[in-house]
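J.: Please find structure-v4.tsv (TSV, C-alpha atoms and all ligand atoms) on the next line:
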```
chain	number	residue	atom	x	y	z
C	1	MET	CA	0.00	0.00	0.00
C	2	VAL	CA	1.20	3.52	-0.76
C	3	ASN	CA	2.12	5.41	2.37
C	4	HIS	CA	0.51	8.80	1.77
C	5	PRO	CA	1.58	11.84	3.77
C	6	PRO	CA	-1.13	12.85	6.27
C	7	LEU	CA	-3.98	15.01	5.03
C	8	HIS	CA	-7.27	15.61	6.83
C	9	VAL	CA	-9.96	17.45	4.93
C	10	VAL	CA	-13.50	18.67	5.56
C	11	ALA	CA	-15.66	19.12	2.45
C	12	PHE	CA	-18.65	21.47	2.40
C	13	GLY	CA	-21.26	21.86	-0.32
C	14	ARG	CA	-25.01	22.20	-0.48
C	15	PRO	CA	-27.06	19.10	-1.44
C	16	GLY	CA	-26.67	18.80	-5.22
C	17	SER	CA	-23.24	20.50	-5.28
C	18	GLY	CA	-21.58	17.26	-6.39
C	19	LYS	CA	-19.61	17.12	-3.14
C	20	SER	CA	-20.13	13.41	-2.52
C	21	SER	CA	-19.20	12.29	-6.08
C	22	LEU	CA	-16.13	14.53	-5.97
C	23	ALA	CA	-15.17	13.18	-2.57
C	24	GLU	CA	-15.58	9.61	-3.77
C	25	ARG	CA	-13.34	10.25	-6.79
C	26	LEU	CA	-10.73	12.00	-4.64
C	27	GLY	CA	-10.84	9.25	-2.05
C	28	GLU	CA	-10.19	6.52	-4.59
C	29	ALA	CA	-7.42	8.40	-6.39
C	30	HIS	CA	-5.54	9.64	-3.34
C	31	GLY	CA	-6.07	7.11	-0.58
C	32	PHE	CA	-8.53	8.94	1.67
C	33	ALA	CA	-10.74	7.10	4.12
C	34	MET	CA	-14.18	8.64	3.67
C	35	VAL	CA	-16.09	9.78	6.74
C	36	ARG	CA	-19.73	10.32	5.79
C	37	THR	CA	-22.17	10.91	8.57
C	38	GLY	CA	-25.09	10.63	6.10
C	39	VAL	CA	-23.97	7.14	5.06
C	40	LEU	CA	-23.28	6.08	8.65
C	41	LEU	CA	-26.70	7.34	9.74
C	42	ARG	CA	-28.49	5.59	6.87
C	43	ASP	CA	-26.59	2.38	7.76
C	44	ALA	CA	-27.83	2.70	11.33
C	45	VAL	CA	-31.39	3.08	10.03
C	46	ARG	CA	-30.99	-0.01	7.83
C	47	GLN	CA	-29.65	-2.02	10.74
C	48	GLY	CA	-32.49	-0.81	12.94
C	49	ASP	CA	-30.22	-0.26	15.96
C	50	ALA	CA	-31.07	2.17	18.77
C	51	LEU	CA	-29.44	5.13	17.04
C	52	GLY	CA	-31.07	4.23	13.72
C	53	ARG	CA	-34.52	4.16	15.28
C	54	GLN	CA	-33.97	7.61	16.76
C	55	VAL	CA	-32.93	9.23	13.48
C	56	GLU	CA	-35.06	7.47	10.85
C	57	ALA	CA	-37.91	9.98	10.66
C	58	LEU	CA	-35.55	12.97	10.67
C	59	LEU	CA	-33.52	11.60	7.77
C	60	ALA	CA	-36.59	10.86	5.66
C	61	ALA	CA	-37.83	14.42	6.26
C	62	GLY	CA	-34.49	15.96	5.23
C	63	ARG	CA	-33.96	17.45	8.72
C	64	LEU	CA	-30.71	17.31	10.63
C	65	VAL	CA	-30.28	14.83	13.45
C	66	PRO	CA	-29.34	16.28	16.86
C	67	ASP	CA	-25.66	17.24	17.20
C	68	ASP	CA	-24.93	14.65	19.87
C	69	LEU	CA	-26.22	11.82	17.64
C	70	ALA	CA	-24.21	13.05	14.64
C	71	TYR	CA	-21.16	12.96	16.93
C	72	GLU	CA	-22.07	9.56	18.36
C	73	VAL	CA	-22.31	7.87	14.96
C	74	LEU	CA	-18.68	8.92	14.40
C	75	ALA	CA	-17.33	8.41	17.90
C	76	ARG	CA	-18.72	4.91	18.34
C	77	ASP	CA	-15.95	3.64	16.05
C	78	LEU	CA	-12.91	5.83	16.63
C	79	SER	CA	-10.63	3.16	15.17
C	80	ALA	CA	-12.11	3.92	11.72
C	81	LEU	CA	-10.67	7.44	12.10
C	82	ARG	CA	-7.09	6.29	12.76
C	83	HIS	CA	-6.00	6.81	9.19
C	84	ASN	CA	-3.46	9.28	7.85
C	85	ARG	CA	-5.88	10.62	5.21
C	86	LEU	CA	-9.46	11.39	6.20
C	87	LEU	CA	-12.09	13.14	4.15
C	88	PHE	CA	-15.10	14.36	6.12
C	89	ASP	CA	-18.27	14.63	4.04
C	90	GLY	CA	-21.20	15.84	6.13
C	91	PHE	CA	-19.61	16.81	9.44
C	92	PRO	CA	-19.53	19.37	11.01
C	93	ARG	CA	-22.85	20.59	9.69
C	94	THR	CA	-24.02	23.01	12.38
C	95	LEU	CA	-22.23	25.56	14.56
C	96	GLY	CA	-22.95	23.25	17.50
C	97	GLN	CA	-20.87	20.54	15.79
C	98	VAL	CA	-17.79	22.78	15.41
C	99	PRO	CA	-16.58	22.12	18.99
C	100	LEU	CA	-17.51	18.44	18.55
C	101	MET	CA	-15.15	18.27	15.58
C	102	ALA	CA	-12.41	19.73	17.79
C	103	ARG	CA	-13.22	17.06	20.37
C	104	LEU	CA	-12.95	14.34	17.72
C	105	GLU	CA	-9.58	15.71	16.56
C	106	GLN	CA	-8.35	15.54	20.15
C	107	ALA	CA	-9.80	12.10	20.84
C	108	VAL	CA	-8.25	10.53	17.74
C	109	GLY	CA	-5.16	12.72	17.48
C	110	PHE	CA	-5.37	14.38	14.07
C	111	GLU	CA	-5.76	17.93	12.82
C	112	ILE	CA	-7.82	19.23	9.89
C	113	GLU	CA	-5.42	20.72	7.36
C	114	ARG	CA	-8.00	21.87	4.77
C	115	TYR	CA	-11.62	23.06	4.70
C	116	VAL	CA	-12.99	22.99	1.14
C	117	GLU	CA	-16.25	24.51	-0.06
C	118	ILE	CA	-17.76	23.32	-3.36
C	119	ALA	CA	-19.71	26.48	-4.23
C	120	VAL	CA	-22.89	26.06	-6.31
C	121	SER	CA	-25.94	28.34	-6.52
C	122	PRO	CA	-29.20	27.09	-4.94
C	123	ASP	CA	-30.95	26.99	-8.36
C	124	GLU	CA	-28.26	24.84	-9.98
C	125	ALA	CA	-28.21	22.51	-6.97
C	126	LEU	CA	-31.98	21.97	-7.12
C	127	ALA	CA	-31.86	21.23	-10.86
C	128	ARG	CA	-29.17	18.63	-10.35
C	129	MET	CA	-30.87	16.80	-7.50
C	130	GLY	CA	-34.02	15.83	-9.38
C	131	GLY	CA	-32.38	13.00	-11.35
C	132	ARG	CA	-30.33	11.32	-8.65
C	133	ARG	CA	-30.57	7.53	-8.27
C	134	VAL	CA	-28.78	5.29	-5.81
C	135	CYS	CA	-28.09	1.56	-5.53
C	136	PRO	CA	-29.64	0.23	-2.31
C	137	THR	CA	-27.05	-2.59	-2.22
C	138	CYS	CA	-23.69	-0.88	-2.77
C	139	ALA	CA	-24.61	2.84	-2.43
C	140	ALA	CA	-23.22	3.73	-5.91
C	141	THR	CA	-24.83	6.93	-7.16
C	142	TYR	CA	-26.05	7.82	-10.66
C	143	HIS	CA	-27.72	10.76	-12.33
C	144	LEU	CA	-30.35	10.15	-15.02
C	145	ARG	CA	-28.94	12.96	-17.18
C	146	LYS	CA	-25.27	13.30	-16.30
C	147	SER	CA	-24.05	9.86	-15.24
C	148	PRO	CA	-26.72	7.28	-16.11
C	149	PRO	CA	-26.15	3.57	-15.49
C	150	LYS	CA	-25.17	1.47	-18.53
C	151	ALA	CA	-28.45	-0.46	-18.43
C	152	GLU	CA	-31.50	1.63	-17.61
C	153	GLY	CA	-32.62	1.50	-14.00
C	154	VAL	CA	-30.05	-0.99	-12.64
C	155	CYS	CA	-26.67	-0.68	-10.92
C	156	ASP	CA	-23.56	-1.22	-13.12
C	157	ARG	CA	-21.76	-2.99	-10.28
C	158	ASP	CA	-24.32	-5.50	-9.05
C	159	GLY	CA	-27.46	-5.22	-11.19
C	160	THR	CA	-29.68	-4.09	-8.29
C	161	PRO	CA	-32.67	-1.95	-9.35
C	162	LEU	CA	-31.87	1.70	-8.57
C	163	VAL	CA	-34.07	3.82	-6.32
C	164	GLY	CA	-34.47	7.50	-5.52
C	165	ARG	CA	-33.30	8.40	-2.01
C	166	ALA	CA	-36.16	9.00	0.44
C	167	ASP	CA	-34.81	12.49	1.06
C	168	ASP	CA	-34.66	13.23	-2.69
C	169	ALA	CA	-38.46	13.31	-2.88
C	170	PRO	CA	-39.37	16.61	-4.59
C	171	GLU	CA	-41.07	18.08	-1.54
C	172	VAL	CA	-37.98	17.39	0.59
C	173	LEU	CA	-35.40	18.91	-1.77
C	174	GLY	CA	-36.32	22.49	-0.90
C	175	VAL	CA	-36.22	21.68	2.82
C	176	ARG	CA	-32.68	20.32	2.49
C	177	GLN	CA	-31.50	23.47	0.70
C	178	ALA	CA	-33.06	25.63	3.41
C	179	VAL	CA	-31.49	23.50	6.14
C	180	TYR	CA	-28.09	23.93	4.47
C	181	ASP	CA	-28.46	27.72	4.28
C	182	GLU	CA	-29.63	28.02	7.86
C	183	HIS	CA	-27.28	25.59	9.60
C	184	THR	CA	-24.27	24.75	7.44
C	185	GLY	CA	-23.74	28.11	5.72
C	186	PRO	CA	-22.69	29.62	9.09
C	187	VAL	CA	-20.21	26.75	9.64
C	188	VAL	CA	-18.58	27.50	6.27
C	189	GLU	CA	-18.39	31.19	7.21
C	190	HIS	CA	-16.92	30.28	10.58
C	191	TYR	CA	-13.96	28.43	9.05
C	192	ARG	CA	-13.57	30.97	6.24
C	193	ARG	CA	-13.11	33.62	8.95
C	194	THR	CA	-11.21	31.75	11.66
C	195	ALA	CA	-8.98	29.53	9.49
C	196	PRO	CA	-8.41	31.53	6.27
C	197	ASP	CA	-5.08	29.85	5.53
C	198	ARG	CA	-6.71	26.40	5.64
C	199	PHE	CA	-9.94	27.38	3.84
C	200	VAL	CA	-10.50	27.21	0.08
C	201	ALA	CA	-13.63	27.69	-2.06
C	202	ILE	CA	-13.96	26.02	-5.45
C	203	ASP	CA	-16.35	26.89	-8.30
C	204	GLY	CA	-18.62	23.84	-8.38
C	205	GLU	CA	-20.60	24.99	-11.43
C	206	GLN	CA	-17.83	24.05	-13.86
C	207	PRO	CA	-17.88	20.63	-15.57
C	208	PHE	CA	-17.19	17.77	-13.16
C	209	GLU	CA	-13.65	17.11	-14.45
C	210	GLU	CA	-12.65	20.72	-13.90
C	211	VAL	CA	-14.09	20.89	-10.40
C	212	SER	CA	-12.29	17.66	-9.63
C	213	ARG	CA	-8.99	19.09	-10.93
C	214	ASP	CA	-9.43	22.32	-8.92
C	215	LEU	CA	-10.09	20.24	-5.83
C	216	GLU	CA	-6.89	18.22	-6.31
C	217	ARG	CA	-4.93	21.44	-6.82
C	218	ALA	CA	-6.43	23.08	-3.76
C	219	LEU	CA	-5.26	20.12	-1.70
C	220	GLY	CA	-1.78	20.09	-3.26
C	221	LEU	CA	-2.42	16.70	-4.87
C	222	SER	CA	-1.67	17.52	-8.50
L	1	LIG	P1	-26.66	15.39	1.54
L	1	LIG	O1	-25.35	16.04	1.77
L	1	LIG	O2	-26.82	14.95	0.11
L	1	LIG	O3	-27.81	16.15	2.09
L	1	LIG	P2	-25.95	13.28	3.45
L	1	LIG	O4	-25.83	11.88	2.99
L	1	LIG	O5	-24.69	14.00	3.78
L	1	LIG	O6	-26.76	14.03	2.32
L	1	LIG	O7	-26.91	13.37	4.71
L	1	LIG	C1	-28.19	12.80	4.71
L	1	LIG	C2	-28.95	13.17	5.97
L	1	LIG	O8	-28.25	12.67	7.12
L	1	LIG	C3	-29.10	14.64	6.23
L	1	LIG	O9	-30.19	15.22	5.53
L	1	LIG	C4	-29.33	14.65	7.73
L	1	LIG	O10	-30.65	14.25	8.04
L	1	LIG	C5	-28.40	13.57	8.22
L	1	LIG	N1	-27.06	14.05	8.59
L	1	LIG	C6	-25.88	13.75	7.97
L	1	LIG	N2	-24.85	14.34	8.58
L	1	LIG	C7	-25.36	15.05	9.63
L	1	LIG	C8	-24.80	15.89	10.62
L	1	LIG	N3	-23.47	16.12	10.69
L	1	LIG	N4	-25.64	16.44	11.52
L	1	LIG	C9	-26.96	16.22	11.48
L	1	LIG	N5	-27.55	15.46	10.56
L	1	LIG	C10	-26.78	14.86	9.64
```
Mind turning the file's structure into C-alpha cells?
T.:
Amino acid sequence: MVNHPPLHVVAFGRPGSGKSSLAERLGEAHGFAMVRTGVLLRDAVRQGDALGRQVEALLAAGRLVPDDLAYEVLARDLSALRHNRLLFDGFPRTLGQVPLMARLEQAVGFEIERYVEIAVSPDEALARMGGRRVCPTCAATYHLRKSPPKAEGVCDRDGTPLVGRADDAPEVLGVRQAVYDEHTGPVVEHYRRTAPDRFVAIDGEQPFEEVSRDLERALGLS
C-alpha cells in the first residue's frame, strides 16, 4: 500500500453540489478514508439499531439529526478514524458541531489541514438533484442525465434496481436546501473567517472534471 503523507480534509457543499461524487473520486485516487455521517446514519437506520430508530424519521424528512447523535455515529468507532488521510463529508454541519469536531480531533489525534467549499448556486443545486438515483445494495450513485447507469434503472456494479433516495423526494429537496443555508452556511463562514489559511472555495458549477482538478490542486495533490 502507498504510504501517503497525512492530510485531513472537511468538504462542504449544499445538497446537489456534487460534493459526494467529488469526494468519492478524490478518495479513490488519493487514498482517503471517507467519513460520511449521512452514510453512517443511513446504515444505522438499515440495521435498525437504537441510534437508527432515533434518526429514521428525521432523515426521511431531510432534517438534521441532533448534534450529539451526529457525533455519536462517528465516535462509536474511533478506530475507523485512525487513518493518515481522512475526508469528512457531512460533518460538522451546524455551529454546534464545530466544537464536537475539535473534540474528535483531540480524541483521535489528528488535525484538519483543509476546509474545502464546493460552491454552487441554490438553483443549480436543485436542478441537479431531481435525477439522482442510488443503488440500495452498494450505495453507488447515478444521475439520469449526467451519469446514467449502462443499463437503464439498474446498478452497473451489481445489477440491483436503482431507487431515488427517500430524502430526494421533490417536496424534501427544498427543505434540504433551506437546512443547508440556515445551519451549514454559518459553519462554512466560521472556518472561512477563523482559518483563512486552511480554507479554500472552489467553483462547483464548472464541468465535473474541472471541479475535480481544482479540488486536487487546492489540496496540493496535483
Ligand atoms: P446530503 O449532503 O446529500 O444532504 P448526506 O448523505 O450527507 O446528504 O446526509 C443525509 C442526511 O443525514 C441529512 O439530511 C441529515 O438528516 C443527516 N445528517 C448527515 N450528517 C449530519 C450531521 N453532521 N448532523 C446532522 N444530521 C446529519
J.: Between atom O2 of ligand LIG 1 (chain L) and atom CA of Pro148 of chain C, what is the spacing in Å?
T.: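 Atom O2 of ligand LIG 1 (chain L) lies 17.9 Å from atom CA of Pro148 of chain C.
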J.: Each residue of chain C with at least one atom at most 6 Å from ligand LIG 1 (chain L) should appear once, together with its nearest atom pair and the corresponding distance in Å (one decimal); atoms considered: all atoms listed in the file; ordering: chain, then increasing residue number; output as a tab-separated table.
T.:
```
residue	atom	partner	partner_atom	distance
C:Pro15	CA	L:LIG1	O2	4.4
C:Thr37	CA	L:LIG1	N2	4.4
C:Gly38	CA	L:LIG1	O4	3.4
C:Val39	CA	L:LIG1	O4	5.5
C:Leu58	CA	L:LIG1	O10	5.7
C:Leu59	CA	L:LIG1	O10	3.9
C:Gly62	CA	L:LIG1	O9	4.4
C:Arg63	CA	L:LIG1	O10	4.7
C:Leu64	CA	L:LIG1	N5	3.7
C:Val65	CA	L:LIG1	N5	4.0
C:Pro66	CA	L:LIG1	C9	5.9
C:Asp67	CA	L:LIG1	N4	5.7
C:Ala70	CA	L:LIG1	N4	4.8
C:Gly90	CA	L:LIG1	O5	4.6
C:Phe91	CA	L:LIG1	N3	4.1
C:Pro92	CA	L:LIG1	N3	5.1
C:Arg93	CA	L:LIG1	N3	4.6
```
J.: Tell me, as a ChimeraX atom specification, which residues lie within 7 Å of segment 6-13 of chain C, counting all atoms listed in the file; anything in the same chain fewer than 6 positions away does not count.
T.: /C:19,84-89,111-119
J.: Would you pick out the contacts of segment 200-208 of chain C at 12 Å or less, using only C-alpha atoms, so that residues sharing its chain but fewer than 3 positions from it are not included, and give the list as a count of residues only?
T.: 51
J.: Quick one, how far is atom CA of Arg165 of chain C from atom CA of Gln177 of chain C?
T.: 15.4 Å
J.: Can you work out which one of C:Glu56, C:Glu152, C:Glu105, C:Glu171 has the shortest atom-to-atom distance to Leu74 of chain C, counting all atoms listed in the file?
T.: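 Under the stated criterion, the closest residue is C:Glu105.
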J.: Hey, can you check how far atom CA of Val175 of chain C sits from atom CA of Arg132 of chain C?
T.: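 Atom CA of Arg132 of chain C lies at a distance of 16.5 Å from atom CA of Val175 of chain C.
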J.: Taking only C-alpha atoms into account, which of C:Cys135, C:Pro170, C:Pro186, C:Tyr142 comes nearest Asp158 of chain C?
T.: C:Cys135
J.: Excluding Gly130 of chain C and any residue of its chain fewer than 4 positions from it, enumerate the residues within 9 Å of it, using all atoms listed in the file, and give them as a PDB file with C-alpha atoms, in the frame of the given file.
T.:
```
ATOM      1  CA  GLY C  16     -26.670  18.800  -5.220  1.00  0.00           C
ATOM      2  CA  LEU C 126     -31.980  21.970  -7.120  1.00  0.00           C
ATOM      3  CA  HIS C 143     -27.720  10.760 -12.330  1.00  0.00           C
ATOM      4  CA  LEU C 144     -30.350  10.150 -15.020  1.00  0.00           C
ATOM      5  CA  ASP C 168     -34.660  13.230  -2.690  1.00  0.00           C
ATOM      6  CA  ALA C 169     -38.460  13.310  -2.880  1.00  0.00           C
ATOM      7  CA  PRO C 170     -39.370  16.610  -4.590  1.00  0.00           C
ATOM      8  CA  LEU C 173     -35.400  18.910  -1.770  1.00  0.00           C
TER       9      LEU C 173
END
```
J.: Go through C:Leu81, C:Ala60, C:Leu69, C:Gly96 and flag the residue nearest His190 of chain C, using all atoms listed in the file for the distances.
T.: C:Gly96
J.: Using all atoms listed in the file, can you tell me which of C:Glu72, C:Arg176, C:Ala140, C:Leu95 comes closest to Gly159 of chain C?
T.: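 Looking at the shortest contact to Gly159 of chain C, the residue is C:Ala140.
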J.: Between C:Asp68, C:Arg157, C:Leu41, C:Ala29, which has the minimum distance to Val55 of chain C (counting all atoms listed in the file)?
T.: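 Checking each candidate against Val55 of chain C, we get C:Leu41 as the closest.
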J.: Have a look at C:Ala80, C:Val73, C:Cys155, C:Ala139 and name the one nearest to Met34 of chain C; count only C-alpha atoms.
T.: C:Ala80
